[in-house]
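Read the structure below first, then the notes.
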Amino acid sequence: MKTPRIAVALSGLFLAACTFDVGNLNQPGLDQILANPTPAAVEAVATGLLAGHRADMAERIGYVSELGILGRESLVLAGSDDRFVTEMLNGITLDPSTTNFGGNFWRVPYANIRNANLLLDALFNTPGLVDQDKEAIRGFAKTMMALDFLKIINTHDVNGAAIDVDLPIGQLAPFVSKDQVFERIALLLDQAQGHLQAAGAAFPMPLSNGFTSFSTPALFIQVNRALAARVAVYRGRFSEALTALSASFIDPATPGGTPSASTSLAPWPGTGAFDSYGLGSGDTQNDLNTPDILVHQSIIDGAEDLATKPPGCTGLACKDTRVQSKVTLVVDANGIPAPVKLYGETSGYNLTLYPKKDSPIPIIRNEELILLRAEANCAPSPFPPTASAPGTCTGNVAAAILDIDYIRQNSGGVPASAGLNSSNLLDELLKQKRYSLLFEGGHRWIDARRYGRANGPVATLPIDQPSIQHVQTAFPIPQSEVDARK
Amino acid sequence: MNSPRVVCTLALISAGAMAQQRTVTGTVVDATTGQPIPDTAVLVVGTDVAASSAKDGTFTLSGAPSGPLTLHAIVEGFKTLDLAVGADQNQVRIALEPELREGVVPSPQSRRAKAEEEMVVTGRASRTERRNVAVSVAKVRGEELSQVPAETVDLALQGKVAGANIQRNDGAPGGGAQVRLRGVSSINATAEPLFILDGMIVSNVAIPNNISVVTLSRAGSNTSPNQDSLTNRIADFNTEDIESIEVLKGAAAAAIYGSKASNGVVILTTKKGQPGPPRVEFTQRFGESFLARKLGARVFTSADEAAGVFGDVARTYFKPGVTYDHDGDLAGRHDLAVESILSVSGGGESGLRYYVSGSVKNDPGIIQNTGYQKQAVRLNLGRDLGDLVTLNVNSYLIHSVASRGITNNDNSNTSFYIVLPFLPNFYELRPANGVYPHDPFVSNDNNPLQTAALMKNDEGVWRFLSAMDATVKLMRTNTQQLNLVANGGVDRFQQENELLFPPSLYWAPSFGLPGTSLFGTANNINYNLGLNLVHTWSPQGGDYFATSSAGVQYESRDLNLVRVVGRNLVGGQPNLDAATTVSVGQQRERVHDRGGYLQEEVVLLERKLALTAALRGDSSSANGNPDTFYIYPKASASYRFYAPAASIDDLKVRLAYGETGNQPLYGQRFTGLSVSTNVNGNPALGVTGIAGDPNIKPERAREIEAGTDISLLEGRAIIELNLYQRTISDMLLQRSIAPTSGFTTQFFNGGTLRNRGIELMVEATPVQFGSLRWQTTVGFAKNVSLISSLPVPAYNYIDFGTVYGVHRIEQGQSATQIVGNDGLKPDGTCCLIHKLGDSEPDFMVHFSNRVAFGNFTLFFLLDWQSGSSIVNITRNLYDSGQNSPDQLKPGGGADRLTANITSARPYVESGTFVKLREISLTYDVPASALRGLRNVAKKVRFKVSGRNLLTFTPYSGFDPEVSNFSNDPIDRNIDLAPFPPSRSFWTSIELGFY
């Protein structure tokens with residue numbers, strides 16, 4: 001009876017306590033990073049914050065594209081998905097249940113905030129990193145976290161958000177108001193500035209190609225302050241904004257000043273910080289150059305003529321260079337104009353701001369800083385304005401006009417402004433922002449909303465089909481978030 | 001054999017055997033003619049003593065127990081007979097009543113099938129006569145599977161097993177079908193049954209071909225990779241090699257398969273050789289497939305009307321009264337399909353048995369550059385090594401290439417039926433002078449005919465499988481037998497996906513980097529190893545016996561998937577090194593499983609009462625704790641009444657309870673950081689949004705099944721009725737968590753899903769008159785699913801939102817319910833959400849008929865599914881393109897679109913259908929005619945057949961069998977630009993040389 005004995009022995013072997021475990025073959029574990037962080041892993045998480053920030057920017061369903069639709073800068077007319085029109089333009093409300101029509105502007109930044117918190121927690125017990133390097137990482141991480149919170153509140157506005165989210169999975173952070181979120185963003189930026197000031201001469205980790213001008217902690221502070229200026233303007237704290245701007249990379253340093261030779265107002269290559277994309281394996285590509293992303297007709301209609309029109313020019317060729325450089329006519333295979341008509345919307349122009357798969361998308365750049373300075377100098381009041389009092393400049397109107405004209409002439413090639421005064425300056429400023437920052441992340445939508453110009457009597461956002469369309473001013477809190485809190 | 005103890009033991013056994021055994025000899029004859037019947041299986045009931053009758057009808061049963069016994073004689077074409085044999089009767093004559101029409105020589109293959117049918121699987125290494133089985137086991141014979149050629153073996157099972165809902169995912173060549181046994185049993189793990197081939201667990205994984213990098217299907221509102229129109233790999237197995245398929249539909253029958261069996265088990269057994277001279281069978285088939293249904297498009301009557309929809313560009317192309325058939329232009333091919341199958345089987349006196357088969361198939365698709373090619377070889381060898389050891393090695397090698405086009409959801413206007421809804425039918429897509437016109441109605445110029453002509457989407461598979469088993473008779477007396485059954489095997493396949501979208505495609509420049517070449521290679525290895533001890537005990541008198549079995553198993557599976565995407569192809573070369581931009585991805589999975597079982601089967605009280613109890617323990621590295629054994633018990637009982645009333649031959653009642661599990665998927669226990677994204681070449685890490693559960697464990701299904709089997713009118717009618725309730729607890733769920741935590745989903749165990757159902761099968765021979773014989777089978781199945789508890793708030797499944805209709809997991813509702821917008825809320829906001837349908841049918845009926853008259857046999861199978869719902873987003877595409885055939889009619893496209901602003905109802909449609917699934921007409925050349933041809937061939941059969949020839953359905957789309965998400969457990973019945981369905985016709989000739 002040999003065989004049964006072998007059988008019993010083999011059975012014993014099978015069932016024996018020797019482990020048959022298989023670990024995670026594909027990814028390092030989250031717990032592993034927290035429990036045993038190595039400098040290399042920590043630095044990879046730090047660099048990863050840049051990947052987390054750009055993740056939902058450069059797609060048809062991303063931040064730039066969808067905020068462009070809501071703000072009537074762009075359209076997506078695609079047979080494969082009618083919701084860019086039927087929901088985003090025609091919808092009575094936006095659908096909170098979908099993960100990608102708005103849900104991504106909640107899910108993606110919060111995931112990156114988790115990354116930043118993971119990084120900050122791991123830094124406490126990372127041997128092998130000197131304190132200066134830790135401070136550099138902290139300053140970078142908190143700036144990125146502020147940027148992610150800004151993405152959340154820009155998209156969800158009065159619906160509020162949760163800020164104290166560094167909790168174990170399953171525990172819920174309470175919701176706070178929009179004002180409290182902005183307060184937290186300002187605080188994070190200020191803390192980050194302190195950390196960066198305590199940092200060494202260089203970051204321990206590599207940043208992306210979008211930060212080549214700001215690759216050291218000292219230079220990165222300029223980006224941090226630029227963002228602080230934007231946040232201060234959004235909060236109506238105009239003097240704070242001017243202070244922050246003075247520590248940023250704004251150029252010229254004073255209204256009407258002489259810019260340095262290296263400064264460019266072009267979106268790219270211009271002076272600023274960018275979300276960077278790449279063609280390498282594993283890098284993320286910019287998918288905004290697709291034929292179904294089109295220009296809203298109001299952008300074409302509102303463009304001013306050039307100060308010096310080329311002889312015999314027609315159409316676009318006579319217009320604001322900002323439009324000429326960012327927009328192109330849709331033509332068919334024979335070169336004949338072929339406007340796209342779908343779902344009752346028509347457009348004859350494509351956006352060409354991001355011509356390549358590795359085109360960077362501005363996070364913040366010099367042209368915006370100059371316009372922010374104009375806005376801070378204007379200091380509109382009341383803030384926020386109302387329909388009956390749509391905003392009067394109470395600050396340094398002359399300084400604001402200097403910056404506006406600088407942009408009009410140097411970026412748009414249109415004549416200097418005429419007849420600007422404290423009551424009409426704000427709308428002119430918003431128009432310049434619309435053209436200077438076209439398709440760079442919903443500036444027209446956000447600005448119109450901030451000054452009560454999204455809806456109502458002083459609305460500047462056009463509605464193409466008034467009987468069926470609406471202007472949405474905020475994305476709803478995603479259904480999954482609401483459900484989890486029931 | 002130099003161990004004295006072994007010699008001693010063997011001597012004792014043989015001495016005992018000689019003292020208490022007897023030999024029974026006899027003859028099997030046709031009761032009507034007195035002619036001898038060869039190849040009859042004669043079994044001694046309650047033992048494994050068996051013999052096969054020789055050419056002269058004689059047989060010898062040696063080793064039969066002394067005392068009175070019962071012989072069981074089975075052969076195709078004659079009624080099965082049980083014959084009582086007295087204690088001192090050693091010579092018998094068995095006279096069988098004929099059952100078969102005239103003129104047909106039944107093949108030994110099918111005779112054996114008939115005998116096998118009586119034996120069904122009850123354990124990992126034991127089989128039991130069906131009459132003594134206390135659970136429902138459906139068994140389908142090979143010849144029923146290959147009645148009408150089916151593309152894959154799972155499709156061949158459609159409409160043949162009550163309680164099995166088998167549906168194609170789309171019409172793409174090469175398979176891709178879901179098998180759901182007794183409803184859906186899982187929400188976030190696999191819902192496919194376990195497939196076993198010749199005792200070995202074989203892989204049925206479905207690996208995405210990565211076409212989503214072109215269709216961008218994952219870039220929209222849904223990120224599921226299952227939208228690539230996947231093929232599940234059971235498609236690799238050759239239907240023609242299958243001797244039989246047994247389907248264990250529920251936990252009560254499948255408990256012995258432990259933590260892999262809560263979706264049921266499908267057991268495939270391949271053909272084996274039988275002792276005798278070589279038997280050569282050859283089948284040659286020719287076929288054609290045709291587009292089964294067209295969607296059509298709106299007919300425009302004026303240029304103004306067209307311009308109103310498509311803009312002024314339409315004026316250039318509008319021609320009054322001219323329309324083109326875009327459906328037909330794209331999917332109107334019907335090229336000749338060819339299939340050749342050759343098999344040789346037999347066995348020698350040396351104890352060697354063999355079955356060798358080879359087949360070649362080329363089945364072109366209805367769209368250009370699509371189709372399915374397959375070449376397969378099987379070698380099954382069996383050998384007796386002396387009297388004590390039997391060895392079987394079953395090996396199979398297959399190469400297949402499925403070319404599947406570009407279909408399903410997309411966000412890049414590349415998928416055929418994403419473009420056509422927006423194309424007016426007055427525009428011609430066909431090439432003029434070899435040049436395809438650009439499509440001016442889509443932003444990327446895509447002409448789907450050009451795409452079909454130039455693209456490639458080939459899924460090539462090389463698969464080798466070898467299953468071995470050895471049975472060692474350790475002990476054998478006249479009352480007892482102890483066998484050691486060792487089995488093992490290896491299942492290795494490589495799936496290579498080669499996709500090419502050359503830069504010359506009109507839409508290629510819209511990708512920024514024109515020209516895309518994809519290469520994916522998936523290497524999969526499954527190992528199986530098992531050891532079983534089976535002890536049977538049949539004491540003197542023969543009215544009761546017992547089978548005890550025990551065993552251990554080890555199984556592992558390992559998948560390594562590497563995908564390369566090359567873009568911007570230099571000169572349009574498909575090689576990846578011709579791409580300027582290359583990206584690579586890799587994914588690995590490895591799971592080790594261990595398990596053991598004990599089982600006891602007892603038949604007593606004159607074989608009226610059968611009792612079974614078993615216990616299985618399983619551990620797996622896919623579980624949170626890889627060393628925890630989960631225990632799955634089962635128990636069953638059945639009682640037979642012999643002739644309890646007039647006209648009732650036999651009535652069995654049965655009751656069974658069993659538990660099974662369903663393992664977590666690999667990786668559900670881990671929370672990892674993504675390594676697959678970098679920033680301009682710099683390493684980057686970040687959370688994936690998915691949190692694992694370190695304590696994850698298998699789902700547990702508990703099933704109670706009650707049933708009865710009734711044989712009426714001397715076997716003229718057989719009725720089987722099953723009632724079951726299956727409760728799945730600790731479900732593997734992917735809960736939606738608050739995204740503010742940085743995670744969106746987390747795997748966990750929780751909740752309870754209940755499936756209740758009824759299955760009724762009736763087999764009858766309503767007419768038997770002369771050479772006319774009509775056999776019919778009706779199967780009815782109804783399953784009702786209910787999520788009886790859900791520890792998380794109701795949530796929407798991953799499809800396209802409530803605007804079209806979405807599956808929603810909700811306590812108190814069916815697991816497959818479809819909810820959608822249904823009017824404005826009282827506060828005027830959008831929208832009320834109500835249940836609008838269910839993707840599970842209310843009931844399914846299959847009705848199969850075989851009418852034989854003379855040498856002709858007509859067979860047809862109707863498949864009826866009632867009450868399921870489909871979310872028809874394809875129709876929404878046509879409507880929103882203002883291009884539906886009924887666009888402007890009342891209740892047509894325009895009205896649907898208006899209603900859709902606040903309601904999903906227009907796009908949640910009934911998926912009820914009746915299909916003429918199979919039909920065939922067979923003519924067997926009579927034996928007399930063959931004799932005239934000098935007996936060159938012993939069998940000559942001509943057949944014409946068709947599959948899915950007719951579909952009756954209110955559904956407006958292509959086919960109510962549709963799934964944009966392939967084999968997703970819940971997300972069936974989402975219709976979004978699928979591959980169009982086809983109907984196929986075949987003519988074949990079958991030759992037999994013996």
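Labels for the structure tokens follow display order: chains A, B, ..., residues from 1 in each chain, ligands from 1.
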*Would you kindly report the residues of chain A within 6 Å of chain B, using only C-alpha atoms, as a count of residues only?*
30
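The shell of residues at most 9 Å from Ala578 of chain B, with only C-alpha atoms counted and near chain neighbours (fewer than 6 positions) removed, consists of Gly566, Arg567, Asn568, Leu569, Val570, Gly571 and Gly572 of chain B.
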Create the file for the chosen residues now, containing N, CA and C atoms and written as a short mmCIF file (atom, residue, chain, number, x, y, z; two decimals), in the first residue's frame.
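Listing of out_10.cif after writing:
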data_model
loop_
_atom_site.label_atom_id
_atom_site.label_comp_id
_atom_site.auth_asym_id
_atom_site.auth_seq_id
_atom_site.Cartn_x
_atom_site.Cartn_y
_atom_site.Cartn_z
N GLY B 566 1.96 51.94 -30.36
CA GLY B 566 2.87 52.75 -31.17
C GLY B 566 2.05 53.75 -31.97
N ARG B 567 2.47 55.00 -31.94
CA ARG B 567 1.75 56.03 -32.69
C ARG B 567 2.70 56.78 -33.61
N ASN B 568 2.10 57.41 -34.60
CA ASN B 568 2.86 58.16 -35.58
C ASN B 568 3.76 57.22 -36.35
N LEU B 569 3.15 56.39 -37.18
CA LEU B 569 3.88 55.32 -37.85
C LEU B 569 4.62 55.84 -39.07
N VAL B 570 5.89 55.60 -39.09
CA VAL B 570 6.71 56.05 -40.20
C VAL B 570 6.35 55.24 -41.44
N GLY B 571 5.90 55.92 -42.46
CA GLY B 571 5.55 55.24 -43.70
C GLY B 571 4.42 54.25 -43.53
N GLY B 572 3.67 54.38 -42.47
CA GLY B 572 2.55 53.49 -42.25
C GLY B 572 2.93 52.07 -41.89
#
*Counting only C-alpha atoms, figure out which residue out of B:Ile631, B:Leu83, B:Val133, B:Ile704 gets nearest to Arg607 of chain B.*
B:Val133
*Write out as a ChimeraX atom specification the residues lying within 7 Å of Pro841 of chain B, counting only C-alpha atoms and excluding same-chain residues fewer than 2 positions away.*
/B:839,843-844,865-868
So that I have them on file, write out the residues from the current selection with N, CA and C atoms, as an mmCIF file, in the first residue's frame.
data_model
loop_
_atom_site.group_PDB
_atom_site.id
_atom_site.type_symbol
_atom_site.label_atom_id
_atom_site.label_comp_id
_atom_site.auth_asym_id
_atom_site.auth_seq_id
_atom_site.Cartn_x
_atom_site.Cartn_y
_atom_site.Cartn_z
ATOM 1 N N SER B 839 -32.436 43.746 -16.987
ATOM 2 C CA SER B 839 -31.773 43.037 -18.086
ATOM 3 C C SER B 839 -31.954 41.531 -17.966
ATOM 4 N N PHE B 843 -38.713 35.152 -18.161
ATOM 5 C CA PHE B 843 -38.579 33.699 -18.273
ATOM 6 C C PHE B 843 -37.941 33.367 -19.616
ATOM 7 N N MET B 844 -37.418 32.168 -19.707
ATOM 8 C CA MET B 844 -36.827 31.694 -20.960
ATOM 9 C C MET B 844 -37.431 30.339 -21.285
ATOM 10 N N GLN B 865 -37.014 34.252 -25.195
ATOM 11 C CA GLN B 865 -36.660 34.942 -23.960
ATOM 12 C C GLN B 865 -37.642 36.082 -23.811
ATOM 13 N N SER B 866 -38.258 36.171 -22.665
ATOM 14 C CA SER B 866 -39.314 37.158 -22.522
ATOM 15 C C SER B 866 -39.011 38.145 -21.405
ATOM 16 N N GLY B 867 -39.186 39.401 -21.718
ATOM 17 C CA GLY B 867 -39.266 40.417 -20.672
ATOM 18 C C GLY B 867 -37.965 41.054 -20.248
ATOM 19 N N SER B 868 -36.890 40.831 -20.964
ATOM 20 C CA SER B 868 -35.699 41.562 -20.544
ATOM 21 C C SER B 868 -35.693 42.937 -21.204
#
*Write out as an MDAnalysis selection string all residues of segment 117-365 of chain A that DSSP puts in strand (DSSP E) for this structure's backbone.*
chainID A and resid 161:162 175:176 272:275 293:295 327:329 340:342 345:347 349:351 361:365
Resulting file, chosen residues, N, CA and C atoms, as a short mmCIF file (atom, residue, chain, number, x, y, z; two decimals), in the first residue's frame:
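File produced: selection_13.cif:
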data_model
loop_
_atom_site.label_atom_id
_atom_site.label_comp_id
_atom_site.auth_asym_id
_atom_site.auth_seq_id
_atom_site.Cartn_x
_atom_site.Cartn_y
_atom_site.Cartn_z
N ALA A 161 -17.23 72.49 -0.10
CA ALA A 161 -16.35 71.33 -0.25
C ALA A 161 -15.88 70.92 1.14
N ALA A 162 -15.19 69.79 1.19
CA ALA A 162 -14.59 69.33 2.45
C ALA A 162 -13.11 69.66 2.42
N PHE A 175 -18.41 69.19 5.39
CA PHE A 175 -18.45 70.19 4.34
C PHE A 175 -18.32 71.58 4.95
N VAL A 176 -17.63 72.46 4.24
CA VAL A 176 -17.55 73.85 4.69
C VAL A 176 -17.93 74.75 3.51
N GLY A 272 5.60 81.50 -17.34
CA GLY A 272 4.57 80.97 -16.46
C GLY A 272 4.86 79.55 -16.04
N ALA A 273 3.90 79.02 -15.29
CA ALA A 273 3.98 77.62 -14.86
C ALA A 273 2.92 76.85 -15.63
N PHE A 274 3.25 75.65 -16.01
CA PHE A 274 2.38 74.89 -16.91
C PHE A 274 2.20 73.46 -16.45
N ASP A 275 1.06 72.90 -16.80
CA ASP A 275 0.90 71.45 -16.74
C ASP A 275 1.60 70.91 -17.97
N ILE A 293 -13.54 69.54 -30.77
CA ILE A 293 -13.54 70.72 -29.90
C ILE A 293 -13.53 71.96 -30.80
N LEU A 294 -14.58 72.76 -30.66
CA LEU A 294 -14.79 73.89 -31.55
C LEU A 294 -14.94 75.18 -30.74
N VAL A 295 -14.93 76.29 -31.45
CA VAL A 295 -14.97 77.59 -30.80
C VAL A 295 -16.41 78.10 -30.72
N VAL A 327 -7.27 80.14 -32.98
CA VAL A 327 -8.46 79.65 -33.64
C VAL A 327 -8.16 79.39 -35.10
N THR A 328 -8.78 78.37 -35.68
CA THR A 328 -8.62 78.14 -37.11
C THR A 328 -9.93 77.71 -37.74
N LEU A 329 -10.08 78.04 -39.01
CA LEU A 329 -11.30 77.73 -39.74
C LEU A 329 -11.40 76.22 -39.99
N VAL A 340 -19.42 72.82 -38.60
CA VAL A 340 -19.99 71.61 -38.00
C VAL A 340 -21.32 71.98 -37.39
N LYS A 341 -22.35 71.21 -37.72
CA LYS A 341 -23.65 71.46 -37.12
C LYS A 341 -24.13 70.18 -36.45
N LEU A 342 -24.43 70.28 -35.19
CA LEU A 342 -24.87 69.09 -34.46
C LEU A 342 -25.66 69.54 -33.24
N GLU A 345 -26.33 73.17 -32.50
CA GLU A 345 -25.21 74.10 -32.33
C GLU A 345 -24.36 74.07 -33.61
N THR A 346 -23.83 75.22 -33.97
CA THR A 346 -22.99 75.29 -35.16
C THR A 346 -21.70 76.00 -34.81
N SER A 347 -20.60 75.52 -35.37
CA SER A 347 -19.35 76.25 -35.25
C SER A 347 -18.50 75.99 -36.47
N TYR A 349 -15.14 76.94 -36.40
CA TYR A 349 -13.74 77.14 -36.01
C TYR A 349 -13.30 76.09 -34.99
N ASN A 350 -12.09 75.65 -35.17
CA ASN A 350 -11.44 74.79 -34.17
C ASN A 350 -10.50 75.60 -33.32
N LEU A 351 -10.20 75.10 -32.13
CA LEU A 351 -9.21 75.72 -31.27
C LEU A 351 -7.84 75.13 -31.57
N ILE A 361 -0.30 73.14 -20.82
CA ILE A 361 -1.47 73.96 -20.51
C ILE A 361 -1.09 74.89 -19.36
N PRO A 362 -1.35 76.20 -19.50
CA PRO A 362 -0.94 77.12 -18.44
C PRO A 362 -1.63 76.84 -17.11
N ILE A 363 -0.85 76.85 -16.05
CA ILE A 363 -1.41 76.88 -14.70
C ILE A 363 -1.63 78.34 -14.33
N ILE A 364 -0.58 79.12 -14.44
CA ILE A 364 -0.70 80.56 -14.28
C ILE A 364 0.47 81.19 -15.03
N ARG A 365 0.20 82.30 -15.72
CA ARG A 365 1.29 82.89 -16.50
C ARG A 365 1.23 84.42 -16.43
#
_One number please: atom CA of Pro193 of chain B to atom CA of Leu732 of chain B, in Å, one decimal._
16.0 Å
*May I have the residues within 8 Å of segment 448-462 of chain A as an MDAnalysis selection string, using only C-alpha atoms and disregarding those fewer than 3 positions away in the same chain?*
chainID A and resid 71:72 234 298 383:387 390:391 430 444:445 471 473
